[in-house]
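Q: Before anything else, here's the structure in question.
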Amino acid sequence: MRYLVIGDIHSNLAAFEAVLRDIKARGGFDRVWCLGDVVGYGPDPHECIQLLRQFEPVCVAGNHDWAAIGRVDTADFNPVAAQACRWTAQQLTPEDIDYLQKLPLELCQDDFTLVHGSPREPVWEYLMSREAAQDNFACFETTYCLVGHSHVPLVFELVGSSVVYRMFPDEGSLRLGENRLFINPGGVGQPRDGDPRASYAVYDANTKTVYHYRVEYDILTTQKRMKERGLPLSLIMRLSQGW
């Protein structure tokens with residue numbers, strides 16, 4: 001079995017479609033594991049939900065998914081994110097809202113826990129430090145945990161009582177063993193590690209290996225659509241820098 005592992009699509013249809021084309025060229029996949037934030041920021045929330053649902057994904061809720069349906073107060077967002085959330089909410093169909101409403105905060109698949117932010121705070125916490133990872137290893141029972149939210153491809157590994165942090169290299173692979181891990185595949189629709197290309201991972205259950213990939217997409221098309229929809233300029237420009 002091959003699992004496409006994606007997160008933080010953020011209504012960026014061009015990026016999402018580029019990922020699907022890229023994984024098809026690499027041999028395809030059997031199932032989709034999605035780590036939340038299907039919507040928010042970008043210009044095509046309804047279209048991204050529709051496309052994702054075609055694959056009957058295993059998917060958890062992100063903070064922007066909840067904000068778009070009123071389960072998170074946009075007062076907790078920065079002003080441009082809140083503006084984008086309000087716009088996103090107006091684009092969703094009743095079926096979209098029902099789908100987002102039913103997304104769980106946490107799921108277990110095989111020996112993986114799937115959450116958006118962290119096991120301790122599935123919607124809000126960013127796992128970006130060894131200290132946060134250390135605390136969170138006590139908050140899930142599986143060997144591995146897949147997270148999103150930070151839009152940064154990274155790995156935290158528990159080695160004995162210490163946590164080792166490393167960025168997930170492009171075209172890199174990670175053979176799974178006995179050590180417990182946090183794995184972030186990076187963001188599909190709004191990368192934040194200085195690389196504007198869409199980021200995703202593939203888990204091959206037969207070889208117990210996770211592969212990380214980056215793929216270029218038509219950023220200008222997404223930016224044009226965002227501008228036409230009146231979304232904040234800062235959100236439009238950041239896609240070019242991957243930040």
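Ordered as shown in the structure tokens, chains take letters A, B, and onward, while each chain numbers its residues from 1 and ligands are numbered from 1 in the order shown.
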Could you list, as a PyMOL selection string, every residue within 9 Å of A:Leu154, counting only C-alpha atoms and ignoring same-chain residues fewer than 3 positions away?
A: chain A and resi 128+165-169+182-186
Q: Compile the contact shell of stretch 46-57 of chain A as a list in words: residues with an atom at most 7 Å away, counting only C-alpha atoms, same-chain residues fewer than 4 positions apart removed.
A: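 That gives Ser11, Leu13, Arg31, Val32, Trp33, Cys34, Val38, Gln91, Leu92 and Asp96 of chain A.
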Q: If you keep N, CA and C atoms, can you produce a file of those selected residues as a short mmCIF file (atom, residue, chain, number, x, y, z; two decimals), in the first residue's frame?
A:
```
data_model
loop_
_atom_site.label_atom_id
_atom_site.label_comp_id
_atom_site.auth_asym_id
_atom_site.auth_seq_id
_atom_site.Cartn_x
_atom_site.Cartn_y
_atom_site.Cartn_z
N SER A 11 -6.79 25.78 0.07
CA SER A 11 -7.58 26.31 -1.06
C SER A 11 -6.74 26.64 -2.28
N LEU A 13 -5.79 25.26 -5.42
CA LEU A 13 -6.12 24.19 -6.35
C LEU A 13 -4.96 23.88 -7.30
N ARG A 31 -4.23 5.26 -1.09
CA ARG A 31 -5.08 6.01 -0.18
C ARG A 31 -4.47 7.38 0.08
N VAL A 32 -5.31 8.30 0.57
CA VAL A 32 -4.86 9.64 0.94
C VAL A 32 -5.01 9.83 2.44
N TRP A 33 -3.95 10.29 3.07
CA TRP A 33 -4.01 10.75 4.45
C TRP A 33 -3.81 12.26 4.42
N CYS A 34 -4.81 13.01 4.90
CA CYS A 34 -4.77 14.47 4.85
C CYS A 34 -4.75 15.01 6.27
N VAL A 38 -7.62 22.04 4.73
CA VAL A 38 -7.96 21.92 3.31
C VAL A 38 -8.26 23.30 2.74
N GLN A 91 -17.84 31.00 0.50
CA GLN A 91 -17.71 30.23 -0.74
C GLN A 91 -18.16 28.77 -0.59
N LEU A 92 -18.39 28.33 0.64
CA LEU A 92 -18.65 26.92 0.89
C LEU A 92 -20.11 26.56 0.65
N ASP A 96 -20.07 21.18 1.59
CA ASP A 96 -18.72 21.47 2.06
C ASP A 96 -18.71 21.65 3.58
#
```
Q: Pick out each residue of stretch 23-112 of chain A that DSSP on the backbone tags as helix (DSSP H, G or I); I need them as an MDAnalysis selection string.
A: chainID A and resid 23:25 45:53 63:68 74:76 79:91 94:101
Q: Considering only C-alpha atoms, state which residue in the set A:Thr93, A:Gln109, A:Asn136, A:Thr74 is at the smallest distance from A:Val60.
A: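 Of A:Thr93, A:Gln109, A:Asn136, A:Thr74, the one nearest A:Val60 is A:Gln109, counting only C-alpha atoms.
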Q: Using only C-alpha atoms, what table do you get, as a tab-separated table, when you list each residue of stretch 82-149 of chain A with an atom no more than 12 Å from stretch 200-211 of chain A, its nearest pair of atoms, and their distance in Å rounded to one decimal, rows by chain then rising number?
A:
```
residue	atom	partner	partner_atom	distance
A:Gln109	CA	A:Ala205	CA	11.4
A:Asp110	CA	A:Ala205	CA	9.4
A:Asp111	CA	A:Ala205	CA	10.4
A:Phe112	CA	A:Tyr203	CA	10.8
A:Tyr144	CA	A:Val210	CA	11.4
A:Leu146	CA	A:Ala201	CA	10.5
A:Val147	CA	A:Ala201	CA	11.7
A:Gly148	CA	A:Tyr200	CA	10.5
```
Q: Between atom CA of A:Gly194 and atom CA of A:Ile219, what is the distance in Å, rounded to a tenth?
A: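 Computed distance, atom CA of A:Gly194 to atom CA of A:Ile219, equals 14.3 Å.
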Q: Taking only stretch 96-202 of chain A into account, list the residues labelled strand (DSSP E) by DSSP (computed from the backbone), as an MDAnalysis selection string.
A: chainID A and resid 106:109 112:115 144:146 153:159 162:167 173:175 180:185 198:202
Q: Could you please determine the separation between atom CA of A:Ala61 and atom CA of A:Ser129 in Å, to one decimal place?
A: 22.3 Å
